[in-house]
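Everything on this sheet refers to the single structure shown next.
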Amino acid sequence: MAETAASPTSAQANAEKNLAARVSPARQLADGFAAGSLAGTVEISEVPFLTMVGLRALAGSAAAERLAGVTGGLPARSGAVAGSGDVSVLWLGPAEFLVVAPTEAHESLGGDLIPALREALGGDAGQVVDLSANRTTFELTGPRARDVLEKGCSLDLHPRVFKAGTAFSTEIANIPAILWKTGDESFRIFPRASFAEFLGRWLLDAMREYASPEVP
Amino acid sequence: MLLIPCPNCGPRDETEFHYGGQAHVPYPENPNELSDTEWSRYLFYRENPKGIFAERWVHSTGCRQWFNMLRDTVSYDIKAVYPMGAKRPDRTPAGAPESGTASTGPDSTTTGSAAPSTSTTSILSTTAPEGATK
Ligand SMILES: [Zn+2]
């Protein structure tokens, strides 16, 4: 962990100030997400400011081995998710990965994940790039979550094919997004920040038929 | 819509891909020595066969890797998917000689679990449902 001149308490205050000043890409939809969710059917929320790091390293290279040592593994094929603890690594391409970690893992909040990855890569060919501001995260959960996604995603989302713990870079509602099935009825969707409002509204619209009050 | 078997990710909708034109068009060894006519032929003149055509595709919203594909321009059947830089699989109408065009990815031969049949130079069956239109 990096040494700072300030005391731990002031570093913490600084981190809180830093976080309080940030506005997430779908902040303006927060009320709409709450209103458009129905517990036990389908719910949506934004999980703002997750730490995301783009990795590029050739599989099998020494640099890839060292990066895997920091993250707890690198996924080997399309769909696979590796990692350990609260750090996950999604497969984006044969030599390209996306690390997803909690907000506090970011170095602006005192986390040491990104410096550790940078150090692991060293001067070798590859990349460690902080992409935390590149995408936001939507969490779509509930027994109807799959039905909602199937309106705009052509992957086979049936549980016999799409298992919890897999992630694909694909298209949802005709825009590029990463879809990660985190549980039997829960999905994380990573749209780029500039697509967040569009995709958020599209998902709300797709949820409406399930999350509306029942007509007696 | 075509269902294109990406060698890394398996079958995906055509909208996830971008077309890269005719495959196996080698960059001239000495561009400076070409006449304007020869240069324009390299830049703009492409085959337009009725039947099997070797072309480049990139899986833009997936693994972002380039690959080559043999496609029948009449039936849209996908006959083969093979790595950039590999020789054109032998499937009738002769293409241009091997070009050596490199993939942007350092390793485009990794096989996706969902695509066991499309690794490297495997030739798809002409009746393969994954190569058919949806
Ligand atoms: Zn792909």
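The chains in the structure tokens are called A, B, ... from first to last as shown; in each chain the residues are counted from 1, and the ligands are counted from 1 in the order shown.
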
Please check which protein, DNA or RNA residues sit within 6 Å of ligand 1, counting only C-alpha atoms and all ligand atoms, and write them as JSON, numbers by chain.
{"B": [6, 8, 9, 59, 62, 63]}

Take the residues that were just selected and, keeping all heavy atoms, output them as a PDB file, in the first residue's frame.
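Once written, out24.pdb looks like this:
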ATOM      1  N   CYS B   6     -17.678 -17.680 -34.475  1.00  0.00           N
ATOM      2  CA  CYS B   6     -16.387 -17.093 -34.104  1.00  0.00           C
ATOM      3  C   CYS B   6     -15.481 -18.205 -33.575  1.00  0.00           C
ATOM      4  O   CYS B   6     -15.912 -19.011 -32.756  1.00  0.00           O
ATOM      5  CB  CYS B   6     -16.577 -16.023 -33.034  1.00  0.00           C
ATOM      6  SG  CYS B   6     -15.020 -15.470 -32.320  1.00  0.00           S
ATOM      7  N   ASN B   8     -13.264 -18.080 -31.449  1.00  0.00           N
ATOM      8  CA  ASN B   8     -13.032 -17.957 -30.010  1.00  0.00           C
ATOM      9  C   ASN B   8     -14.304 -18.088 -29.183  1.00  0.00           C
ATOM     10  O   ASN B   8     -14.268 -18.583 -28.058  1.00  0.00           O
ATOM     11  CB  ASN B   8     -12.396 -16.602 -29.682  1.00  0.00           C
ATOM     12  CG  ASN B   8     -11.027 -16.456 -30.277  1.00  0.00           C
ATOM     13  OD1 ASN B   8     -10.153 -17.278 -30.050  1.00  0.00           O
ATOM     14  ND2 ASN B   8     -10.835 -15.432 -31.081  1.00  0.00           N
ATOM     15  N   CYS B   9     -15.410 -17.586 -29.713  1.00  0.00           N
ATOM     16  CA  CYS B   9     -16.612 -17.435 -28.888  1.00  0.00           C
ATOM     17  C   CYS B   9     -17.755 -18.350 -29.288  1.00  0.00           C
ATOM     18  O   CYS B   9     -18.769 -18.401 -28.589  1.00  0.00           O
ATOM     19  CB  CYS B   9     -17.107 -15.996 -28.941  1.00  0.00           C
ATOM     20  SG  CYS B   9     -15.835 -14.796 -28.587  1.00  0.00           S
ATOM     21  N   HIS B  59     -14.751  -9.962 -34.812  1.00  0.00           N
ATOM     22  CA  HIS B  59     -15.826 -10.100 -33.814  1.00  0.00           C
ATOM     23  C   HIS B  59     -15.811  -8.869 -32.898  1.00  0.00           C
ATOM     24  O   HIS B  59     -15.350  -8.922 -31.763  1.00  0.00           O
ATOM     25  CB  HIS B  59     -15.622 -11.394 -33.024  1.00  0.00           C
ATOM     26  CG  HIS B  59     -16.810 -11.734 -32.170  1.00  0.00           C
ATOM     27  ND1 HIS B  59     -16.797 -12.726 -31.232  1.00  0.00           N
ATOM     28  CD2 HIS B  59     -18.057 -11.201 -32.119  1.00  0.00           C
ATOM     29  CE1 HIS B  59     -17.980 -12.786 -30.638  1.00  0.00           C
ATOM     30  NE2 HIS B  59     -18.761 -11.867 -31.163  1.00  0.00           N
ATOM     31  N   GLY B  62     -17.401  -8.904 -29.412  1.00  0.00           N
ATOM     32  CA  GLY B  62     -17.055 -10.089 -28.627  1.00  0.00           C
ATOM     33  C   GLY B  62     -15.584 -10.052 -28.265  1.00  0.00           C
ATOM     34  O   GLY B  62     -15.139  -9.170 -27.544  1.00  0.00           O
ATOM     35  N   CYS B  63     -14.833 -10.976 -28.842  1.00  0.00           N
ATOM     36  CA  CYS B  63     -13.428 -11.112 -28.479  1.00  0.00           C
ATOM     37  C   CYS B  63     -12.512 -10.146 -29.224  1.00  0.00           C
ATOM     38  O   CYS B  63     -11.319 -10.116 -28.972  1.00  0.00           O
ATOM     39  CB  CYS B  63     -12.977 -12.548 -28.741  1.00  0.00           C
ATOM     40  SG  CYS B  63     -13.180 -13.027 -30.479  1.00  0.00           S
TER      41      CYS B  63
END

Could you list the residues in chain A lying within 8 Å of chain B, using only C-alpha atoms, and format the result as a list in words?
Leu58, Arg77, Ser78, Leu92, Gly93, Pro94, Ala95, Ser154, Leu155, Phe168, Ser169, Thr170, Glu171, Pro176 and Ala177 of chain A

Written file, previous selection with C-alpha atoms, as an mmCIF file, in the first residue's frame:
data_model
loop_
_atom_site.group_PDB
_atom_site.id
_atom_site.type_symbol
_atom_site.label_atom_id
_atom_site.label_comp_id
_atom_site.auth_asym_id
_atom_site.auth_seq_id
_atom_site.Cartn_x
_atom_site.Cartn_y
_atom_site.Cartn_z
ATOM 1 C CA LEU A 58 -0.353 -13.212 -23.719
ATOM 2 C CA ARG A 77 -11.618 -19.234 -22.588
ATOM 3 C CA SER A 78 -14.741 -17.418 -23.679
ATOM 4 C CA LEU A 92 -12.859 -10.589 -23.056
ATOM 5 C CA GLY A 93 -10.506 -12.082 -25.634
ATOM 6 C CA PRO A 94 -7.634 -14.573 -25.917
ATOM 7 C CA ALA A 95 -5.240 -12.022 -24.394
ATOM 8 C CA SER A 154 -29.480 -13.201 -28.670
ATOM 9 C CA LEU A 155 -27.245 -15.411 -26.538
ATOM 10 C CA PHE A 168 -19.839 -12.825 -22.216
ATOM 11 C CA SER A 169 -19.068 -9.708 -24.140
ATOM 12 C CA THR A 170 -22.071 -9.363 -26.430
ATOM 13 C CA GLU A 171 -24.943 -7.091 -27.453
ATOM 14 C CA PRO A 176 -22.234 -3.614 -26.817
ATOM 15 C CA ALA A 177 -22.246 -4.737 -23.202
#

Residues of segment 29-211 of chain A in strand (DSSP E or B), written as JSON, numbers by chain
{"A": [38, 42, 43, 44, 45, 46, 47, 51, 52, 53, 54, 55, 56, 81, 82, 83, 84, 87, 88, 89, 90, 91, 92, 93, 96, 97, 98, 99, 100, 101, 127, 128, 129, 130, 135, 137, 138, 139, 140, 141, 166, 167, 168, 169, 170, 171, 172, 175, 176, 177, 178, 179, 180, 181, 182, 183, 186, 187, 188, 189, 190, 191, 192]}

Contacts of segment 46-55 of chain B at 7 Å (only C-alpha atoms; same-chain gap of 6+ positions) as a PyMOL selection string:
chain B and resi 20-23+68-74+93

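Between atom CA of Leu2 of chain B and atom CA of Lys79 of chain B the interatomic distance comes to 12.7 Å.
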
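Neighbours of Val47 of chain A closer than or equal to 9 Å, with only C-alpha atoms counted and sequence neighbours fewer than 3 positions away skipped, come out as Ser24, Leu50, Thr136, Thr137, Phe138 and Glu139 of chain A.
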
Within 10 Å of Gly200 of chain A, counting only C-alpha atoms, which residues qualify if same-chain residues fewer than 6 places away don't, as a CSV table (one decimal) with N, CA, C and O atoms, in the first residue's frame?
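The new file selection23.csv reads:
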chain,number,residue,atom,x,y,z
A,26,ALA,N,-25.6,6.4,-14.2
A,26,ALA,CA,-27.1,6.2,-14.2
A,26,ALA,C,-27.7,6.8,-13.0
A,26,ALA,O,-28.8,6.3,-12.6
A,29,LEU,N,-31.3,7.8,-12.9
A,29,LEU,CA,-32.3,6.7,-13.1
A,29,LEU,C,-32.6,6.0,-11.7
A,29,LEU,O,-33.4,5.1,-11.7
A,30,ALA,N,-31.9,6.5,-10.7
A,30,ALA,CA,-32.0,5.7,-9.4
A,30,ALA,C,-33.5,5.6,-8.9
A,30,ALA,O,-34.0,4.5,-8.6
A,32,GLY,N,-36.2,5.9,-10.8
A,32,GLY,CA,-36.9,5.1,-11.8
A,32,GLY,C,-36.6,3.6,-11.6
A,32,GLY,O,-37.5,2.8,-11.7
A,33,PHE,N,-35.4,3.3,-11.2
A,33,PHE,CA,-35.0,1.9,-11.0
A,33,PHE,C,-35.8,1.4,-9.8
A,33,PHE,O,-36.3,0.2,-9.8
A,44,ILE,N,-34.0,-4.0,-10.5
A,44,ILE,CA,-32.8,-3.5,-11.1
A,44,ILE,C,-32.2,-2.4,-10.2
A,44,ILE,O,-32.9,-1.7,-9.6
A,45,SER,N,-30.9,-2.3,-10.2
A,45,SER,CA,-30.2,-1.2,-9.5
A,45,SER,C,-28.9,-1.0,-10.1
A,45,SER,O,-28.3,-1.9,-10.8
A,46,GLU,N,-28.3,0.2,-9.9
A,46,GLU,CA,-27.0,0.5,-10.4
A,46,GLU,C,-26.0,0.2,-9.2
A,46,GLU,O,-26.3,0.6,-8.1
A,138,PHE,N,-25.0,-2.6,-13.9
A,138,PHE,CA,-26.4,-2.7,-13.5
A,138,PHE,C,-26.6,-4.1,-12.9
A,138,PHE,O,-26.0,-5.1,-13.4
A,191,PRO,N,-22.6,-1.8,-19.2
A,191,PRO,CA,-22.6,-0.9,-20.4
A,191,PRO,C,-21.5,0.1,-20.2
A,191,PRO,O,-21.2,0.5,-19.1
A,206,ALA,N,-38.4,-3.0,-20.6
A,206,ALA,CA,-38.6,-4.4,-20.8
A,206,ALA,C,-39.1,-5.1,-19.5
A,206,ALA,O,-39.7,-6.1,-19.5

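Among the candidate residues A:Val161, A:Gly85, A:Leu149, A:Leu19, the one lying nearest to Gly72 of chain A is A:Gly85, with distances computed using only C-alpha atoms.
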
Among segment 97-175 of chain A, which ones does DSSP assign to alpha helix (DSSP H) (computed from the backbone)? Answer as a PDB file with all heavy atoms, in the first residue's frame.
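File out38.pdb, as written:
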ATOM      1  N   LEU A 113      -4.885  -2.622  -5.434  1.00  0.00           N
ATOM      2  CA  LEU A 113      -5.014  -3.601  -6.521  1.00  0.00           C
ATOM      3  C   LEU A 113      -4.308  -3.144  -7.801  1.00  0.00           C
ATOM      4  O   LEU A 113      -3.511  -3.882  -8.389  1.00  0.00           O
ATOM      5  CB  LEU A 113      -6.502  -3.859  -6.807  1.00  0.00           C
ATOM      6  CG  LEU A 113      -6.793  -4.775  -7.990  1.00  0.00           C
ATOM      7  CD1 LEU A 113      -6.315  -6.188  -7.709  1.00  0.00           C
ATOM      8  CD2 LEU A 113      -8.273  -4.784  -8.340  1.00  0.00           C
ATOM      9  N   ILE A 114      -4.590  -1.906  -8.207  1.00  0.00           N
ATOM     10  CA  ILE A 114      -4.064  -1.450  -9.501  1.00  0.00           C
ATOM     11  C   ILE A 114      -2.536  -1.304  -9.457  1.00  0.00           C
ATOM     12  O   ILE A 114      -1.855  -1.792 -10.366  1.00  0.00           O
ATOM     13  CB  ILE A 114      -4.778  -0.157  -9.966  1.00  0.00           C
ATOM     14  CG1 ILE A 114      -6.296  -0.433 -10.068  1.00  0.00           C
ATOM     15  CG2 ILE A 114      -4.237   0.299 -11.318  1.00  0.00           C
ATOM     16  CD1 ILE A 114      -7.141   0.778 -10.393  1.00  0.00           C
ATOM     17  N   PRO A 115      -1.980  -0.691  -8.385  1.00  0.00           N
ATOM     18  CA  PRO A 115      -0.510  -0.649  -8.321  1.00  0.00           C
ATOM     19  C   PRO A 115       0.108  -2.050  -8.321  1.00  0.00           C
ATOM     20  O   PRO A 115       1.143  -2.270  -8.951  1.00  0.00           O
ATOM     21  CB  PRO A 115      -0.232   0.066  -6.994  1.00  0.00           C
ATOM     22  CG  PRO A 115      -1.455   0.854  -6.724  1.00  0.00           C
ATOM     23  CD  PRO A 115      -2.604   0.104  -7.319  1.00  0.00           C
ATOM     24  N   ALA A 116      -0.555  -3.004  -7.656  1.00  0.00           N
ATOM     25  CA  ALA A 116      -0.005  -4.366  -7.619  1.00  0.00           C
ATOM     26  C   ALA A 116      -0.011  -4.987  -9.014  1.00  0.00           C
ATOM     27  O   ALA A 116       0.940  -5.675  -9.406  1.00  0.00           O
ATOM     28  CB  ALA A 116      -0.816  -5.226  -6.654  1.00  0.00           C
ATOM     29  N   LEU A 117      -1.083  -4.726  -9.785  1.00  0.00           N
ATOM     30  CA  LEU A 117      -1.147  -5.264 -11.149  1.00  0.00           C
ATOM     31  C   LEU A 117      -0.081  -4.610 -12.028  1.00  0.00           C
ATOM     32  O   LEU A 117       0.590  -5.269 -12.817  1.00  0.00           O
ATOM     33  CB  LEU A 117      -2.535  -5.018 -11.746  1.00  0.00           C
ATOM     34  CG  LEU A 117      -3.658  -5.891 -11.176  1.00  0.00           C
ATOM     35  CD1 LEU A 117      -5.029  -5.372 -11.623  1.00  0.00           C
ATOM     36  CD2 LEU A 117      -3.495  -7.342 -11.612  1.00  0.00           C
ATOM     37  N   ARG A 118       0.054  -3.283 -11.857  1.00  0.00           N
ATOM     38  CA  ARG A 118       1.043  -2.553 -12.644  1.00  0.00           C
ATOM     39  C   ARG A 118       2.439  -3.103 -12.367  1.00  0.00           C
ATOM     40  O   ARG A 118       3.243  -3.307 -13.263  1.00  0.00           O
ATOM     41  CB  ARG A 118       0.973  -1.070 -12.264  1.00  0.00           C
ATOM     42  CG  ARG A 118       0.931  -0.143 -13.451  1.00  0.00           C
ATOM     43  CD  ARG A 118       0.808   1.299 -12.997  1.00  0.00           C
ATOM     44  NE  ARG A 118      -0.556   1.767 -12.992  1.00  0.00           N
ATOM     45  CZ  ARG A 118      -1.124   2.450 -11.992  1.00  0.00           C
ATOM     46  NH1 ARG A 118      -0.460   2.704 -10.882  1.00  0.00           N
ATOM     47  NH2 ARG A 118      -2.358   2.866 -12.101  1.00  0.00           N
ATOM     48  N   GLU A 119       2.692  -3.361 -11.109  1.00  0.00           N
ATOM     49  CA  GLU A 119       4.002  -3.888 -10.730  1.00  0.00           C
ATOM     50  C   GLU A 119       4.197  -5.302 -11.280  1.00  0.00           C
ATOM     51  O   GLU A 119       5.285  -5.673 -11.724  1.00  0.00           O
ATOM     52  CB  GLU A 119       4.116  -3.896  -9.208  1.00  0.00           C
ATOM     53  CG  GLU A 119       5.527  -4.120  -8.709  1.00  0.00           C
ATOM     54  CD  GLU A 119       5.573  -4.170  -7.179  1.00  0.00           C
ATOM     55  OE1 GLU A 119       4.736  -3.477  -6.545  1.00  0.00           O
ATOM     56  OE2 GLU A 119       6.407  -4.912  -6.648  1.00  0.00           O
ATOM     57  N   ALA A 120       3.119  -6.083 -11.286  1.00  0.00           N
ATOM     58  CA  ALA A 120       3.215  -7.457 -11.793  1.00  0.00           C
ATOM     59  C   ALA A 120       3.535  -7.473 -13.285  1.00  0.00           C
ATOM     60  O   ALA A 120       4.300  -8.301 -13.763  1.00  0.00           O
ATOM     61  CB  ALA A 120       1.911  -8.205 -11.533  1.00  0.00           C
ATOM     62  N   LEU A 121       2.945  -6.536 -14.026  1.00  0.00           N
ATOM     63  CA  LEU A 121       3.228  -6.497 -15.461  1.00  0.00           C
ATOM     64  C   LEU A 121       4.654  -6.030 -15.708  1.00  0.00           C
ATOM     65  O   LEU A 121       5.343  -6.539 -16.594  1.00  0.00           O
ATOM     66  CB  LEU A 121       2.232  -5.581 -16.181  1.00  0.00           C
ATOM     67  CG  LEU A 121       2.439  -5.445 -17.696  1.00  0.00           C
ATOM     68  CD1 LEU A 121       2.216  -6.795 -18.372  1.00  0.00           C
ATOM     69  CD2 LEU A 121       1.506  -4.394 -18.273  1.00  0.00           C
ATOM     70  N   ALA A 145     -35.684 -11.985 -14.520  1.00  0.00           N
ATOM     71  CA  ALA A 145     -34.516 -11.301 -15.080  1.00  0.00           C
ATOM     72  C   ALA A 145     -34.149 -11.861 -16.455  1.00  0.00           C
ATOM     73  O   ALA A 145     -33.860 -11.117 -17.387  1.00  0.00           O
ATOM     74  CB  ALA A 145     -33.333 -11.405 -14.116  1.00  0.00           C
ATOM     75  N   ARG A 146     -34.202 -13.179 -16.572  1.00  0.00           N
ATOM     76  CA  ARG A 146     -33.837 -13.779 -17.859  1.00  0.00           C
ATOM     77  C   ARG A 146     -34.819 -13.374 -18.965  1.00  0.00           C
ATOM     78  O   ARG A 146     -34.423 -13.069 -20.080  1.00  0.00           O
ATOM     79  CB  ARG A 146     -33.783 -15.309 -17.740  1.00  0.00           C
ATOM     80  CG  ARG A 146     -33.628 -16.005 -19.079  1.00  0.00           C
ATOM     81  CD  ARG A 146     -33.095 -17.412 -18.941  1.00  0.00           C
ATOM     82  NE  ARG A 146     -34.060 -18.353 -18.425  1.00  0.00           N
ATOM     83  CZ  ARG A 146     -34.797 -19.173 -19.197  1.00  0.00           C
ATOM     84  NH1 ARG A 146     -34.664 -19.150 -20.508  1.00  0.00           N
ATOM     85  NH2 ARG A 146     -35.636 -20.011 -18.652  1.00  0.00           N
ATOM     86  N   ASP A 147     -36.112 -13.342 -18.630  1.00  0.00           N
ATOM     87  CA  ASP A 147     -37.105 -12.941 -19.629  1.00  0.00           C
ATOM     88  C   ASP A 147     -36.844 -11.524 -20.128  1.00  0.00           C
ATOM     89  O   ASP A 147     -37.023 -11.219 -21.302  1.00  0.00           O
ATOM     90  CB  ASP A 147     -38.518 -13.021 -19.038  1.00  0.00           C
ATOM     91  CG  ASP A 147     -38.870 -14.434 -18.608  1.00  0.00           C
ATOM     92  OD1 ASP A 147     -38.825 -15.319 -19.467  1.00  0.00           O
ATOM     93  OD2 ASP A 147     -39.160 -14.646 -17.418  1.00  0.00           O
ATOM     94  N   VAL A 148     -36.444 -10.666 -19.197  1.00  0.00           N
ATOM     95  CA  VAL A 148     -36.161  -9.279 -19.572  1.00  0.00           C
ATOM     96  C   VAL A 148     -34.990  -9.238 -20.551  1.00  0.00           C
ATOM     97  O   VAL A 148     -35.051  -8.609 -21.608  1.00  0.00           O
ATOM     98  CB  VAL A 148     -35.861  -8.436 -18.310  1.00  0.00           C
ATOM     99  CG1 VAL A 148     -35.319  -7.070 -18.683  1.00  0.00           C
ATOM    100  CG2 VAL A 148     -37.122  -8.298 -17.462  1.00  0.00           C
ATOM    101  N   LEU A 149     -33.922  -9.960 -20.215  1.00  0.00           N
ATOM    102  CA  LEU A 149     -32.728  -9.942 -21.068  1.00  0.00           C
ATOM    103  C   LEU A 149     -32.995 -10.569 -22.430  1.00  0.00           C
ATOM    104  O   LEU A 149     -32.451 -10.139 -23.441  1.00  0.00           O
ATOM    105  CB  LEU A 149     -31.582 -10.686 -20.382  1.00  0.00           C
ATOM    106  CG  LEU A 149     -30.968  -9.951 -19.191  1.00  0.00           C
ATOM    107  CD1 LEU A 149     -30.020 -10.874 -18.445  1.00  0.00           C
ATOM    108  CD2 LEU A 149     -30.231  -8.700 -19.657  1.00  0.00           C
ATOM    109  N   GLU A 150     -33.838 -11.573 -22.451  1.00  0.00           N
ATOM    110  CA  GLU A 150     -34.086 -12.280 -23.711  1.00  0.00           C
ATOM    111  C   GLU A 150     -34.782 -11.398 -24.742  1.00  0.00           C
ATOM    112  O   GLU A 150     -34.798 -11.729 -25.920  1.00  0.00           O
ATOM    113  CB  GLU A 150     -34.900 -13.559 -23.448  1.00  0.00           C
ATOM    114  CG  GLU A 150     -33.997 -14.682 -22.970  1.00  0.00           C
ATOM    115  CD  GLU A 150     -34.755 -15.947 -22.584  1.00  0.00           C
ATOM    116  OE1 GLU A 150     -35.990 -15.868 -22.439  1.00  0.00           O
ATOM    117  OE2 GLU A 150     -34.094 -16.979 -22.413  1.00  0.00           O
TER     118      GLU A 150
END

Rounded to one decimal place, report the atom CA of Gly152 of chain A-atom CA of Leu199 of chain A distance in Å.
10.3 Å

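If you look at atom CA of Trp66 of chain B and atom CA of Met84 of chain B, they are 6.7 Å away from each other.
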
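Compared by their closest atoms to Gly85 of chain B, and using only C-alpha atoms, the residues B:Phe67, B:Phe17, B:Trp57, B:Tyr27 rank with B:Phe67 nearest.
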